[in-house]
file target01.tsv (TSV, C-alpha atoms)
chain	number	residue	atom	x	y	z
A	26	MET	CA	17.69	-3.48	14.48
A	27	LEU	CA	15.06	-5.88	15.73
A	28	GLY	CA	13.90	-8.20	12.96
A	29	PHE	CA	15.60	-6.17	10.23
A	30	ASN	CA	17.89	-7.82	7.67
A	31	GLU	CA	19.43	-4.85	5.90
A	32	PRO	CA	21.13	-6.77	3.05
A	33	GLU	CA	17.90	-8.64	2.35
A	34	VAL	CA	15.80	-5.45	2.36
A	35	LEU	CA	18.24	-3.72	0.04
A	36	SER	CA	18.31	-6.68	-2.33
A	37	GLN	CA	14.54	-7.10	-2.41
A	38	LEU	CA	13.81	-3.43	-3.05
A	39	ALA	CA	16.58	-3.25	-5.63
A	40	SER	CA	14.89	-6.11	-7.48
A	41	THR	CA	11.66	-4.11	-7.70
A	42	VAL	CA	13.19	-0.98	-9.21
A	43	ALA	CA	15.34	-3.16	-11.49
A	44	LEU	CA	12.11	-4.13	-13.26
A	45	ARG	CA	11.95	-0.66	-14.80
A	46	PRO	CA	13.00	-1.74	-18.35
A	47	SER	CA	10.48	-4.60	-18.41
A	48	ILE	CA	7.73	-2.42	-16.95
A	49	GLU	CA	8.37	0.35	-19.46
A	50	GLU	CA	8.44	-2.15	-22.33
A	51	LEU	CA	5.06	-3.47	-21.22
A	52	ALA	CA	3.56	0.01	-20.79
A	53	ASP	CA	4.81	1.04	-24.22
A	54	ARG	CA	3.33	-2.10	-25.76
A	55	LEU	CA	-0.04	-1.40	-24.18
A	56	VAL	CA	-0.12	2.17	-25.46
A	57	ASP	CA	1.06	1.18	-28.94
A	58	GLU	CA	-1.43	-1.69	-29.29
A	59	GLY	CA	-4.27	0.24	-27.64
A	60	PHE	CA	-6.42	-0.36	-24.59
A	61	ASP	CA	-9.42	1.32	-22.99
A	62	ARG	CA	-9.16	0.89	-19.23
A	63	ILE	CA	-7.19	-0.63	-16.37
A	64	PHE	CA	-8.41	-2.75	-13.50
A	65	LEU	CA	-6.12	-2.91	-10.46
A	66	VAL	CA	-7.19	-6.17	-8.85
A	67	GLY	CA	-6.26	-7.39	-5.39
A	68	ALA	CA	-7.40	-9.08	-2.20
A	69	GLY	CA	-6.88	-7.64	1.27
A	70	GLY	CA	-3.55	-5.87	1.42
A	71	THR	CA	-2.88	-6.11	-2.31
A	72	TYR	CA	-6.28	-4.55	-3.00
A	73	ALA	CA	-5.58	-1.69	-0.60
A	74	GLN	CA	-2.14	-1.19	-2.08
A	75	MET	CA	-3.72	-0.50	-5.47
A	76	TRP	CA	-5.63	2.56	-4.23
A	77	PRO	CA	-2.73	5.04	-4.47
A	78	TYR	CA	-2.38	4.24	-8.16
A	79	GLU	CA	-6.08	4.59	-8.85
A	80	HIS	CA	-5.73	7.92	-7.00
A	81	LEU	CA	-2.71	8.88	-9.14
A	82	ALA	CA	-4.54	8.15	-12.37
A	83	ARG	CA	-7.72	9.89	-11.24
A	84	SER	CA	-5.86	13.07	-10.32
A	85	ARG	CA	-3.74	13.28	-13.48
A	86	SER	CA	-5.44	11.35	-16.25
A	87	THR	CA	-8.66	10.79	-18.17
A	88	LEU	CA	-7.76	7.09	-18.43
A	89	PRO	CA	-10.36	4.93	-16.62
A	90	VAL	CA	-8.48	3.17	-13.82
A	91	ARG	CA	-10.26	1.36	-11.00
A	92	ALA	CA	-9.10	-0.68	-8.02
A	93	VAL	CA	-11.34	-3.71	-7.51
A	94	ILE	CA	-11.67	-6.55	-5.02
A	95	ALA	CA	-10.83	-9.81	-6.75
A	96	ALA	CA	-13.65	-11.89	-5.27
A	97	GLU	CA	-16.26	-9.20	-5.88
A	98	LEU	CA	-15.16	-8.80	-9.49
A	99	VAL	CA	-15.75	-12.52	-10.08
A	100	ALA	CA	-19.07	-12.52	-8.23
A	101	SER	CA	-20.52	-9.32	-9.70
A	102	GLY	CA	-18.67	-8.90	-12.98
A	103	ASP	CA	-18.08	-5.58	-14.69
A	104	ALA	CA	-19.75	-4.56	-17.92
A	105	THR	CA	-16.68	-2.58	-18.99
A	106	LEU	CA	-14.25	-5.50	-18.61
A	107	GLY	CA	-13.35	-6.81	-22.05
A	108	GLU	CA	-10.80	-7.33	-24.78
A	109	ARG	CA	-9.43	-3.81	-24.53
A	110	SER	CA	-8.99	-4.01	-20.76
A	111	VAL	CA	-5.82	-4.56	-18.77
A	112	ALA	CA	-6.06	-6.28	-15.38
A	113	VAL	CA	-3.10	-5.87	-13.02
A	114	PHE	CA	-2.49	-8.19	-10.06
A	115	THR	CA	0.08	-8.27	-7.26
A	116	SER	CA	0.82	-11.22	-4.99
A	117	VAL	CA	3.86	-11.75	-2.78
A	118	SER	CA	3.49	-15.52	-2.71
A	119	GLY	CA	1.77	-15.87	-6.05
A	120	THR	CA	-0.77	-18.22	-4.47
A	121	THR	CA	-3.69	-15.97	-3.46
A	122	GLU	CA	-6.81	-17.96	-4.35
A	123	ASP	CA	-9.12	-14.97	-4.87
A	124	SER	CA	-6.61	-13.43	-7.26
A	125	LEU	CA	-6.20	-16.67	-9.18
A	126	SER	CA	-9.97	-16.88	-9.67
A	127	ALA	CA	-10.03	-13.25	-10.81
A	128	ILE	CA	-7.18	-13.85	-13.28
A	129	GLU	CA	-9.16	-16.69	-14.84
A	130	PHE	CA	-12.27	-14.51	-14.92
A	131	CYS	CA	-10.49	-11.56	-16.55
A	132	ARG	CA	-8.90	-13.78	-19.17
A	133	SER	CA	-12.29	-15.30	-19.94
A	134	LYS	CA	-13.47	-11.78	-20.79
A	135	GLY	CA	-10.53	-11.23	-23.12
A	136	ALA	CA	-8.59	-8.86	-20.86
A	137	LEU	CA	-4.80	-8.83	-20.82
A	138	THR	CA	-3.59	-9.90	-17.38
A	139	VAL	CA	-0.39	-8.66	-15.74
A	140	GLY	CA	1.06	-10.02	-12.52
A	141	PHE	CA	3.73	-8.70	-10.16
A	142	THR	CA	5.05	-11.39	-7.83
A	143	GLY	CA	8.20	-12.77	-6.25
A	144	TYR	CA	8.01	-16.29	-7.63
A	145	ALA	CA	8.32	-17.10	-11.32
A	146	ASP	CA	6.96	-20.62	-10.84
A	147	SER	CA	3.97	-19.57	-8.73
A	148	PRO	CA	0.35	-20.10	-9.81
A	149	VAL	CA	-0.16	-16.36	-10.31
A	150	ALA	CA	2.96	-16.01	-12.47
A	151	LYS	CA	1.91	-18.97	-14.57
A	152	SER	CA	-1.68	-17.81	-14.95
A	153	VAL	CA	-1.20	-14.22	-16.15
A	154	ASP	CA	-0.32	-13.18	-19.68
A	155	VAL	CA	2.65	-11.13	-18.48
A	156	ALA	CA	4.53	-11.88	-15.25
A	157	LEU	CA	7.03	-9.39	-13.81
A	158	VAL	CA	9.03	-11.11	-11.10
A	159	SER	CA	11.09	-9.52	-8.33
A	160	GLU	CA	12.99	-11.33	-5.60
A	161	PRO	CA	10.96	-13.59	-3.30
A	162	LYS	CA	9.10	-11.83	-0.48
A	163	ALA	CA	9.77	-8.36	-1.92
A	164	TRP	CA	7.20	-5.96	-0.45
A	165	PRO	CA	5.60	-3.53	-1.01
A	166	PHE	CA	4.74	-3.25	-4.70
A	167	ASP	CA	4.79	0.54	-4.75
A	168	PRO	CA	7.96	0.91	-6.87
A	169	GLN	CA	6.58	-1.36	-9.57
A	170	MET	CA	3.17	0.29	-9.55
A	171	LEU	CA	4.66	3.78	-9.65
A	172	LEU	CA	6.79	2.82	-12.64
A	173	PHE	CA	3.92	1.12	-14.42
A	174	MET	CA	1.31	3.81	-13.91
A	175	GLY	CA	3.84	6.60	-14.37
A	176	ARG	CA	5.04	5.27	-17.70
A	177	LEU	CA	1.51	4.78	-18.98
A	178	LEU	CA	0.53	8.32	-18.08
A	179	ALA	CA	3.77	9.68	-19.53
A	180	ARG	CA	3.09	8.00	-22.85
A	181	ARG	CA	-0.38	9.58	-22.80
A	182	GLY	CA	1.14	13.02	-22.23
A	183	GLU	CA	-0.16	13.20	-18.66
A	184	PHE	CA	3.05	12.85	-16.62
A	185	ALA	CA	5.78	15.05	-18.06
A	186	ASP	CA	8.32	14.37	-15.32
A	187	TYR	CA	8.10	10.58	-15.36
A	188	GLU	CA	11.69	10.01	-16.51
A	189	LYS	CA	12.98	12.14	-13.66
A	190	LEU	CA	10.87	10.23	-11.15
A	191	ALA	CA	11.92	6.85	-12.53
A	192	ASP	CA	15.59	7.82	-12.32
A	193	GLU	CA	15.18	8.93	-8.71
A	194	LEU	CA	13.44	5.68	-7.75
A	195	ALA	CA	16.80	3.94	-8.17
A	196	SER	CA	17.73	5.36	-4.76
A	197	VAL	CA	14.67	3.86	-3.05
A	198	PRO	CA	16.40	0.79	-1.55
A	199	ARG	CA	18.97	2.81	0.39
A	200	LEU	CA	16.45	5.52	1.27
A	201	MET	CA	14.02	3.02	2.79
A	202	VAL	CA	16.79	1.50	4.90
A	203	ASP	CA	17.55	5.01	6.16
A	204	VAL	CA	13.86	5.59	6.87
A	205	ALA	CA	13.63	2.35	8.83
A	206	LYS	CA	16.65	3.24	10.95
A	207	GLN	CA	15.31	6.72	11.68
A	208	ALA	CA	11.84	5.41	12.52
A	209	ASP	CA	12.96	2.62	14.82
A	210	PRO	CA	13.33	4.54	18.12
A	211	ALA	CA	9.90	6.15	17.83
A	212	ALA	CA	8.40	2.82	16.78
A	213	SER	CA	9.83	1.17	19.87
A	214	THR	CA	8.51	3.96	22.09
A	215	PHE	CA	5.04	3.68	20.57
A	216	ALA	CA	4.97	-0.08	21.03
A	217	GLU	CA	6.10	0.13	24.65
A	218	ALA	CA	3.41	2.70	25.40
A	219	HIS	CA	0.72	0.58	23.72
A	220	LYS	CA	1.67	-2.88	24.89
A	221	ASP	CA	-1.75	-3.34	26.48
A	222	THR	CA	-3.83	-1.16	24.16
A	223	ASP	CA	-6.49	-3.32	22.55
A	224	TYR	CA	-8.15	-0.69	20.32
A	225	HIS	CA	-6.68	1.78	17.84
A	226	PHE	CA	-8.37	4.43	15.70
A	227	LEU	CA	-6.56	4.99	12.37
A	228	VAL	CA	-6.98	7.98	10.04
A	229	GLY	CA	-5.44	8.68	6.65
A	230	GLY	CA	-6.37	10.30	3.36
A	231	GLY	CA	-5.39	10.74	-0.27
A	232	ASN	CA	-2.89	8.21	-1.46
A	233	LEU	CA	-2.38	7.04	2.13
A	234	TRP	CA	-5.97	5.91	2.61
A	235	GLY	CA	-5.12	2.52	1.10
A	236	PHE	CA	-2.24	2.01	3.51
A	237	THR	CA	-4.39	3.17	6.43
A	238	TYR	CA	-6.91	0.46	5.54
A	239	LEU	CA	-4.11	-2.08	5.03
A	240	TYR	CA	-2.36	-1.38	8.33
A	241	SER	CA	-5.61	-1.47	10.26
A	242	MET	CA	-6.97	-4.70	8.78
A	243	CYS	CA	-3.95	-6.68	7.59
A	244	ILE	CA	-1.51	-5.86	10.38
A	245	LEU	CA	-3.24	-4.80	13.58
A	246	GLU	CA	-6.30	-7.00	13.12
A	247	GLU	CA	-4.92	-9.99	11.23
A	248	MET	CA	-1.41	-10.15	12.64
A	249	GLN	CA	-1.94	-8.77	16.15
A	250	TRP	CA	-5.65	-9.55	16.79
A	251	LEU	CA	-6.31	-5.96	17.84
A	252	ARG	CA	-9.58	-4.14	17.36
A	253	THR	CA	-9.45	-1.08	15.13
A	254	THR	CA	-11.51	1.59	13.46
A	255	ARG	CA	-10.22	3.03	10.18
A	256	VAL	CA	-11.64	6.11	8.49
A	257	HIS	CA	-10.69	8.38	5.61
A	258	SER	CA	-9.73	11.83	6.85
A	259	ALA	CA	-12.35	13.41	4.56
A	260	GLU	CA	-15.05	11.24	6.19
A	261	PHE	CA	-13.94	11.53	9.81
A	262	PHE	CA	-16.41	14.30	10.64
A	263	HIS	CA	-19.37	12.38	9.25
A	264	GLY	CA	-19.80	9.96	12.13
A	265	SER	CA	-16.56	8.36	13.25
A	266	LEU	CA	-15.50	11.28	15.43
A	267	GLU	CA	-18.17	10.21	17.95
A	268	LEU	CA	-16.00	7.21	18.93
A	269	LEU	CA	-13.20	9.35	20.35
A	270	GLU	CA	-12.64	9.49	24.10
A	271	GLU	CA	-9.81	10.92	26.13
A	272	ASP	CA	-7.91	7.62	26.23
A	273	THR	CA	-8.53	6.51	22.62
A	274	SER	CA	-5.33	5.62	20.77
A	275	VAL	CA	-5.49	7.60	17.53
A	276	MET	CA	-2.93	6.81	14.83
A	277	ILE	CA	-2.79	9.48	12.12
A	278	LEU	CA	-0.97	8.59	8.91
A	279	GLN	CA	0.03	11.83	7.25
A	280	GLY	CA	1.43	12.29	3.76
A	281	GLU	CA	2.35	15.14	1.46
A	282	ASP	CA	-0.26	15.19	-1.28
A	283	GLU	CA	-3.08	17.65	-1.84
A	284	THR	CA	-5.23	16.03	0.86
A	285	ARG	CA	-2.84	16.85	3.68
A	286	PRO	CA	-5.06	19.70	5.02
A	287	LEU	CA	-7.90	17.20	5.47
A	288	THR	CA	-5.74	15.07	7.74
A	289	ASP	CA	-4.38	18.14	9.53
A	290	ARG	CA	-7.95	19.04	10.42
A	291	VAL	CA	-8.53	15.59	11.93
A	292	GLU	CA	-5.30	15.81	13.92
A	293	ALA	CA	-6.27	19.18	15.39
A	294	PHE	CA	-9.67	17.89	16.44
A	295	ALA	CA	-8.44	14.55	17.77
A	296	LYS	CA	-5.91	16.29	20.01
A	297	ARG	CA	-8.75	18.29	21.58
A	298	ILE	CA	-10.41	15.05	22.72
A	299	SER	CA	-7.76	12.35	23.17
A	300	ARG	CA	-4.55	12.42	25.13
A	301	ASP	CA	-3.16	9.58	22.98
A	302	VAL	CA	-2.74	10.87	19.44
A	303	THR	CA	0.29	9.68	17.45
A	304	VAL	CA	1.13	11.18	14.07
A	305	PHE	CA	3.28	9.24	11.61
A	306	ASP	CA	4.29	11.88	9.07
A	307	THR	CA	6.34	11.37	5.90
A	308	ARG	CA	7.64	14.95	6.24
A	309	ASP	CA	9.84	13.74	9.07
A	310	TYR	CA	12.07	11.85	6.62
A	311	ALA	CA	14.65	13.57	4.45
A	312	LEU	CA	14.49	11.29	1.37
A	313	GLU	CA	17.68	12.80	-0.03
A	314	GLY	CA	17.75	12.71	-3.80
A	315	ILE	CA	13.95	12.72	-4.17
A	316	SER	CA	12.59	15.90	-5.70
A	317	PRO	CA	10.00	17.79	-3.64
A	318	GLU	CA	7.30	17.25	-6.25
A	319	PHE	CA	7.64	13.46	-5.92
A	320	ARG	CA	7.66	13.15	-2.14
A	321	GLY	CA	3.88	12.81	-1.99
A	322	LEU	CA	3.94	9.95	-4.49
A	323	LEU	CA	6.36	8.04	-2.26
A	324	ALA	CA	4.29	8.46	0.89
A	325	PRO	CA	2.76	4.94	0.80
A	326	LEU	CA	6.20	3.36	0.51
A	327	VAL	CA	7.66	5.56	3.26
A	328	LEU	CA	4.81	4.87	5.69
A	329	ASP	CA	4.91	1.16	4.91
A	330	THR	CA	8.57	1.22	5.97
A	331	VAL	CA	7.91	3.29	9.09
A	332	MET	CA	4.98	1.19	10.23
A	333	GLY	CA	6.93	-1.96	9.52
A	334	ARG	CA	9.14	-0.97	12.43
A	335	VAL	CA	6.07	-0.36	14.60
A	336	SER	CA	4.84	-3.85	13.72
A	337	LYS	CA	8.10	-5.49	14.72
A	338	HIS	CA	8.12	-3.75	18.08
A	339	LEU	CA	4.46	-4.56	18.73
A	340	GLU	CA	5.32	-8.18	18.03
A	341	ARG	CA	8.08	-7.96	20.64
A	342	VAL	CA	6.27	-6.17	23.45
A	343	ARG	CA	3.05	-8.14	23.01
A	344	ASP	CA	4.83	-11.47	22.53
A	345	HIS	CA	2.53	-12.09	19.59
A	346	SER	CA	4.18	-13.30	16.38
A	347	LEU	CA	3.26	-11.47	13.20
A	348	ASP	CA	3.04	-14.90	11.57
A	349	LEU	CA	0.45	-16.30	13.99
A	350	ARG	CA	-3.04	-16.92	12.60
A	351	ARG	CA	-6.16	-18.55	14.02
A	352	TYR	CA	-8.24	-18.68	10.85
A	353	TYR	CA	-6.55	-17.08	7.81
A	354	ARG	CA	-5.25	-19.90	5.61
A	355	VAL	CA	-5.67	-22.17	8.61
A	356	MET	CA	-9.34	-23.08	8.34
A	357	ASP	CA	-11.45	-23.71	5.28
A	358	TYR	CA	-13.86	-20.89	4.39
call {"tool": "encode", "arguments": {"input": "target01.tsv", "output": "structure tokens"}}
result
Amino acid sequence: MLGFNEPEVLSQLASTVALRPSIEELADRLVDEGFDRIFLVGAGGTYAQMWPYEHLARSRSTLPVRAVIAAELVASGDATLGERSVAVFTSVSGTTEDSLSAIEFCRSKGALTVGFTGYADSPVAKSVDVALVSEPKAWPFDPQMLLFMGRLLARRGEFADYEKLADELASVPRLMVDVAKQADPAASTFAEAHKDTDYHFLVGGGNLWGFTYLYSMCILEEMQWLRTTRVHSAEFFHGSLELLEEDTSVMILQGEDETRPLTDRVEAFAKRISRDVTVFDTRDYALEGISPEFRGLLAPLVLDTVMGRVSKHLERVRDHSLDLRRYYRVMDY
């Protein structure tokens, strides 16, 4: 497949689920030693990728868990951040400046800092109290975050089936390769049809809202210089619907959690207005070996894999490298 190194993908994803013993050891230590709250800290895509795990905790637990923007945390502070706080960071390169500043800030407040990254000698890995390192360039961080949050909630008596989920996550590397292969033809078709489309309207909800935000801003805008609107499916009918016209490209990212009916409602309405509505639905993928009750939890990882194929084909048809930047990490700001 175009731009797809299967052995590399398998190896990278395998390295993320292989962190299970270290992640569980850390989670057990936190519970045994005691802590009050968790801050899931990121910048851009890593901030957005924290939202599903804030959502998971909010729906199952009384534990205070909040996703926060690294730069805003440093600028504004948080009165609840302190010695009984845990701050979790993710960084592919381990060099994100906003995250490094936030790590220093959190440590200055006495919080325990945890970092997931692909480079043991990176600034992030060296700055945090606990570094959990996968293979270089391993993305996304969903397996690690599912294991971490799942184990914490299990130890609190709020996730009875965690062990079953963790066992099933071992099949994620092969499953995501299968998902990528299945998604590729439709991804190519979408890209061909939208070679010259310069505006896309993206909708998602529940634990896919973070990925909707990420794909809109970090991929289509940053990597393809395309204009987008992104809106949560629960908020669509409070203003954003007025932007739809008959030729608006609407990309609906649909998962399998309790918010699915909210996104279904948007899809039904959008199809009444626009002739260009594309639904990317995790239900289209078998995920053999994953229990039905866990499919919704894996939606961010599945859609990240599916849309990764869309990105590669957009890069091809638009002759616009996904690595090309005008400003990001090119100019000082």
call {"tool": "closest_residue", "arguments": {"input": "target01.tsv", "among": "A:Glu247, A:Asp167, A:Glu129, A:Asp272", "to": "Thr115 of chain A", "atoms": "all atoms listed in the file"}}
result
A:Asp167
call {"tool": "closest_residue", "arguments": {"input": "target01.tsv", "among": "A:Ser36, A:Ser84, A:Thr330, A:Ser159", "to": "Asp209 of chain A", "atoms": "only C-alpha atoms"}}
result
A:Thr330
call {"tool": "closest_atom_pairs", "arguments": {"input": "target01.tsv", "of": "segment 127-246 of chain A", "to": "segment 280-300 of chain A", "cutoff": "10 Å", "atoms": "all atoms listed in the file", "output": "JSON lines"}}
result
{"residue": "A:Val228", "atom": "CA", "partner": "A:Thr288", "partner_atom": "CA", "distance": 7.6}
{"residue": "A:Gly229", "atom": "CA", "partner": "A:Thr288", "partner_atom": "CA", "distance": 6.5}
{"residue": "A:Gly230", "atom": "CA", "partner": "A:Thr284", "partner_atom": "CA", "distance": 6.4}
{"residue": "A:Gly231", "atom": "CA", "partner": "A:Thr284", "partner_atom": "CA", "distance": 5.4}
{"residue": "A:Asn232", "atom": "CA", "partner": "A:Asp282", "partner_atom": "CA", "distance": 7.5}
{"residue": "A:Leu233", "atom": "CA", "partner": "A:Gly280", "partner_atom": "CA", "distance": 6.7}
{"residue": "A:Trp234", "atom": "CA", "partner": "A:Gly280", "partner_atom": "CA", "distance": 9.8}
call {"tool": "atom_distance", "arguments": {"input": "target01.tsv", "atom1": "atom CA of Pro317 of chain A", "atom2": "atom CA of Arg199 of chain A"}}
result
17.9 Å
call {"tool": "closest_residue", "arguments": {"input": "target01.tsv", "among": "A:Ala104, A:Val139, A:Ile63, A:Val302", "to": "Ala92 of chain A", "atoms": "only C-alpha atoms"}}
result
A:Ile63
call {"tool": "closest_residue", "arguments": {"input": "target01.tsv", "among": "A:Arg351, A:Arg85, A:Lys134, A:Arg181", "to": "Leu98 of chain A", "atoms": "only C-alpha atoms"}}
result
A:Lys134
call {"tool": "closest_residue", "arguments": {"input": "target01.tsv", "among": "A:Asp103, A:Asp357, A:Asp306, A:Glu33", "to": "Trp164 of chain A", "atoms": "all atoms listed in the file"}}
result
A:Glu33
call {"tool": "atom_distance", "arguments": {"input": "target01.tsv", "atom1": "atom CA of Val256 of chain A", "atom2": "atom CA of Ser124 of chain A"}}
result
25.6 Å
call {"tool": "closest_residue", "arguments": {"input": "target01.tsv", "among": "A:Pro89, A:Gly67, A:Pro165, A:Gly102", "to": "Val149 of chain A", "atoms": "all atoms listed in the file"}}
result
A:Gly67
call {"tool": "residues_around", "arguments": {"input": "target01.tsv", "residues": "segment 303-305 of chain A", "least_positions_apart": "3", "cutoff": "9 Å", "atoms": "only C-alpha atoms", "output": "list in words"}}
result
Phe215, Ser274, Val275, Met276, Ile277, Leu278, Gln279, Gly280, Glu292, Arg308, Asp309, Leu328, Val331 and Met332 of chain A
call {"tool": "closest_atom_pairs", "arguments": {"input": "target01.tsv", "of": "segment 229-285 of chain A", "to": "segment 216-223 of chain A", "cutoff": "9 Å", "atoms": "all atoms listed in the file", "output": "CSV"}}
result
residue,atom,partner,partner_atom,distance
A:Trp250,CA,A:Asp223,CA,8.5
A:Leu251,CA,A:Asp223,CA,5.4
A:Arg252,CA,A:Asp223,CA,6.1
A:Thr253,CA,A:Asp223,CA,8.3
A:Ser274,CA,A:Thr222,CA,7.7
call {"tool": "atom_distance", "arguments": {"input": "target01.tsv", "atom1": "atom CA of Met242 of chain A", "atom2": "atom CA of Leu312 of chain A"}}
result
27.8 Å
call {"tool": "residues_around", "arguments": {"input": "target01.tsv", "residues": "Met248 of chain A", "least_positions_apart": "6", "cutoff": "8 Å", "atoms": "all atoms listed in the file", "output": "list of chain:residue names"}}
result
A:Ser346, A:Leu347, A:Asp348, A:Leu349, A:Arg350
call {"tool": "residues_near_point", "arguments": {"input": "target01.tsv", "point": "(14.1, 2.2, 12.6)", "cutoff": "9 Å", "atoms": "all atoms listed in the file", "output": "PyMOL selection string"}}
result
chain A and resi 26-27+29+202-213+330-331+333-335
call {"tool": "decode", "arguments": {"input": "target01.tsv", "residues": "segment 37-48 of chain A", "atoms": "N, CA, C and O atoms", "output": "PDB file, in the first residue's frame"}}
result
ATOM      1  N   GLN A  37       6.036  -1.073  15.746  1.00  0.00           N
ATOM      2  CA  GLN A  37       5.768   0.108  16.577  1.00  0.00           C
ATOM      3  C   GLN A  37       4.577  -0.106  17.492  1.00  0.00           C
ATOM      4  O   GLN A  37       4.642   0.198  18.691  1.00  0.00           O
ATOM      5  N   LEU A  38       3.480  -0.619  16.944  1.00  0.00           N
ATOM      6  CA  LEU A  38       2.302  -0.849  17.778  1.00  0.00           C
ATOM      7  C   LEU A  38       2.550  -1.932  18.824  1.00  0.00           C
ATOM      8  O   LEU A  38       2.071  -1.843  19.955  1.00  0.00           O
ATOM      9  N   ALA A  39       3.315  -2.951  18.434  1.00  0.00           N
ATOM     10  CA  ALA A  39       3.651  -4.002  19.400  1.00  0.00           C
ATOM     11  C   ALA A  39       4.431  -3.422  20.572  1.00  0.00           C
ATOM     12  O   ALA A  39       4.267  -3.848  21.725  1.00  0.00           O
ATOM     13  N   SER A  40       5.275  -2.433  20.300  1.00  0.00           N
ATOM     14  CA  SER A  40       6.059  -1.825  21.378  1.00  0.00           C
ATOM     15  C   SER A  40       5.184  -1.039  22.342  1.00  0.00           C
ATOM     16  O   SER A  40       5.544  -0.869  23.509  1.00  0.00           O
ATOM     17  N   THR A  41       4.037  -0.556  21.874  1.00  0.00           N
ATOM     18  CA  THR A  41       3.148   0.190  22.774  1.00  0.00           C
ATOM     19  C   THR A  41       2.408  -0.754  23.710  1.00  0.00           C
ATOM     20  O   THR A  41       2.326  -0.496  24.913  1.00  0.00           O
ATOM     21  N   VAL A  42       1.878  -1.847  23.179  1.00  0.00           N
ATOM     22  CA  VAL A  42       1.142  -2.770  24.056  1.00  0.00           C
ATOM     23  C   VAL A  42       2.103  -3.563  24.941  1.00  0.00           C
ATOM     24  O   VAL A  42       1.703  -4.064  25.996  1.00  0.00           O
ATOM     25  N   ALA A  43       3.368  -3.663  24.520  1.00  0.00           N
ATOM     26  CA  ALA A  43       4.367  -4.362  25.333  1.00  0.00           C
ATOM     27  C   ALA A  43       4.698  -3.597  26.614  1.00  0.00           C
ATOM     28  O   ALA A  43       5.311  -4.154  27.534  1.00  0.00           O
ATOM     29  N   LEU A  44       4.276  -2.342  26.683  1.00  0.00           N
ATOM     30  CA  LEU A  44       4.502  -1.552  27.892  1.00  0.00           C
ATOM     31  C   LEU A  44       3.527  -1.909  29.014  1.00  0.00           C
ATOM     32  O   LEU A  44       3.615  -1.341  30.111  1.00  0.00           O
ATOM     33  N   ARG A  45       2.623  -2.829  28.751  1.00  0.00           N
ATOM     34  CA  ARG A  45       1.601  -3.158  29.758  1.00  0.00           C
ATOM     35  C   ARG A  45       2.179  -3.422  31.144  1.00  0.00           C
ATOM     36  O   ARG A  45       1.686  -2.829  32.119  1.00  0.00           O
ATOM     37  N   PRO A  46       3.206  -4.284  31.329  1.00  0.00           N
ATOM     38  CA  PRO A  46       3.700  -4.525  32.691  1.00  0.00           C
ATOM     39  C   PRO A  46       4.201  -3.255  33.369  1.00  0.00           C
ATOM     40  O   PRO A  46       3.924  -3.030  34.561  1.00  0.00           O
ATOM     41  N   SER A  47       4.918  -2.415  32.639  1.00  0.00           N
ATOM     42  CA  SER A  47       5.442  -1.179  33.226  1.00  0.00           C
ATOM     43  C   SER A  47       4.324  -0.208  33.550  1.00  0.00           C
ATOM     44  O   SER A  47       4.359   0.483  34.586  1.00  0.00           O
ATOM     45  N   ILE A  48       3.320  -0.135  32.664  1.00  0.00           N
ATOM     46  CA  ILE A  48       2.185   0.758  32.905  1.00  0.00           C
ATOM     47  C   ILE A  48       1.398   0.299  34.125  1.00  0.00           C
ATOM     48  O   ILE A  48       1.012   1.109  34.980  1.00  0.00           O
TER      49      ILE A  48
END
